[in-house]
Amino acid sequence: LFRSNQKSSAALKVTEPDITIVTGLRDVSVFSAEDAVFRCEVSHEGAQDVVWSLQGIALQSNEMNEISVEKGRVHTLRLRQVTQDDAGTVAFRVGPYISTAELAVKAPLPVFTR
């Protein structure tokens, strides 16, 4: 029962659910000078704390690395015209969650001429 001189208060704390990795990275094998594409699906749209890295070095979207998001949840990394020096571990991190895969770069096929 409330009386006219009584007061009541409440506090509501809303926390965002953790964004987790739903589908992790898969190993990719390409020839030198080809593009390598990695995809990782997260549980919710709008992930902010996302980092792609190659061999432990954080990547940014530029002329060699295209970073994009498809359908709000599928994060994509395209490494353009890879070389054998690019071979190594690719990692995707969102918050505390990490998925890794290996990039294998094969020597280009020999071209035979007559």
# chains A, B, ... in the order shown; residues from 1 in each chain; ligands from 1

call {"tool": "closest_atom_pairs", "arguments": {"of": "region 20-63 of chain A", "to": "region 87-96 of chain A", "cutoff": "6 Å", "atoms": "only C-alpha atoms", "output": "CSV"}}
result
residue,atom,partner,partner_atom,distance
A:Asp49,CA,A:Val94,CA,5.4
A:Val50,CA,A:Val94,CA,4.5
A:Val51,CA,A:Arg93,CA,5.1
A:Trp52,CA,A:Phe92,CA,4.7
A:Ser53,CA,A:Ala91,CA,5.1
A:Leu54,CA,A:Val90,CA,4.5
A:Gln55,CA,A:Thr89,CA,5.2

call {"tool": "residues_around", "arguments": {"residues": "region 36-38 of chain A", "least_positions_apart": "2", "cutoff": "6 Å", "atoms": "only C-alpha atoms", "output": "ChimeraX atom specification"}}
result
/A:76-79

call {"tool": "residues_around", "arguments": {"residues": "region 8-23 of chain A", "least_positions_apart": "5", "cutoff": "10 Å", "atoms": "only C-alpha atoms", "output": "VMD selection string"}}
result
chain A and resid 2 39 to 49 73 to 74 92 to 99

call {"tool": "write_last_selection", "arguments": {"atoms": "C-alpha atoms", "output": "tab-separated table (two decimals), in the first residue's frame"}}
result
chain	number	residue	atom	x	y	z
A	2	PHE	CA	1.24	3.48	-0.87
A	39	ARG	CA	34.59	-14.28	-43.60
A	40	CYS	CA	33.43	-14.37	-40.00
A	41	GLU	CA	29.79	-14.17	-38.83
A	42	VAL	CA	28.90	-12.58	-35.51
A	43	SER	CA	25.76	-12.94	-33.40
A	44	HIS	CA	24.44	-9.36	-33.63
A	45	GLU	CA	24.55	-6.44	-36.05
A	46	GLY	CA	26.51	-3.32	-35.22
A	47	ALA	CA	29.66	-4.88	-33.74
A	48	GLN	CA	32.02	-2.02	-32.89
A	49	ASP	CA	35.05	-3.62	-31.28
A	73	ARG	CA	26.69	-9.64	-39.31
A	74	VAL	CA	29.14	-11.13	-41.82
A	92	PHE	CA	39.31	-11.78	-36.39
A	93	ARG	CA	38.56	-10.37	-32.94
A	94	VAL	CA	35.28	-9.01	-31.61
A	95	GLY	CA	35.43	-8.06	-27.94
A	96	PRO	CA	37.08	-10.95	-26.09
A	97	TYR	CA	36.33	-13.51	-28.83
A	98	ILE	CA	38.90	-14.51	-31.47
A	99	SER	CA	38.80	-16.74	-34.54

call {"tool": "closest_residue", "arguments": {"among": "A:Gln6, A:Thr113, A:Ala33, A:Leu25", "to": "Arg80 (chain A)", "atoms": "only C-alpha atoms"}}
result
A:Ala33

call {"tool": "select_by_dssp", "arguments": {"residues": "region 8-112 of chain A", "states": "strand (DSSP E or B)", "output": "ChimeraX atom specification"}}
result
/A:21-23,28-31,36-42,50-54,57-58,65-70,74-79,88-94,97-106

call {"tool": "closest_residue", "arguments": {"among": "A:Asp85, A:Asn62, A:Ile57, A:Val105", "to": "Glu34 (chain A)", "atoms": "only C-alpha atoms"}}
result
A:Val105

call {"tool": "atom_distance", "arguments": {"atom1": "CA of Gln81 (chain A)", "atom2": "CA of Asp35 (chain A)"}}
result
5.0 Å

call {"tool": "closest_residue", "arguments": {"among": "A:Val30, A:Lys7, A:Gly24, A:Gly56", "to": "Lys106 (chain A)", "atoms": "only C-alpha atoms"}}
result
A:Val30
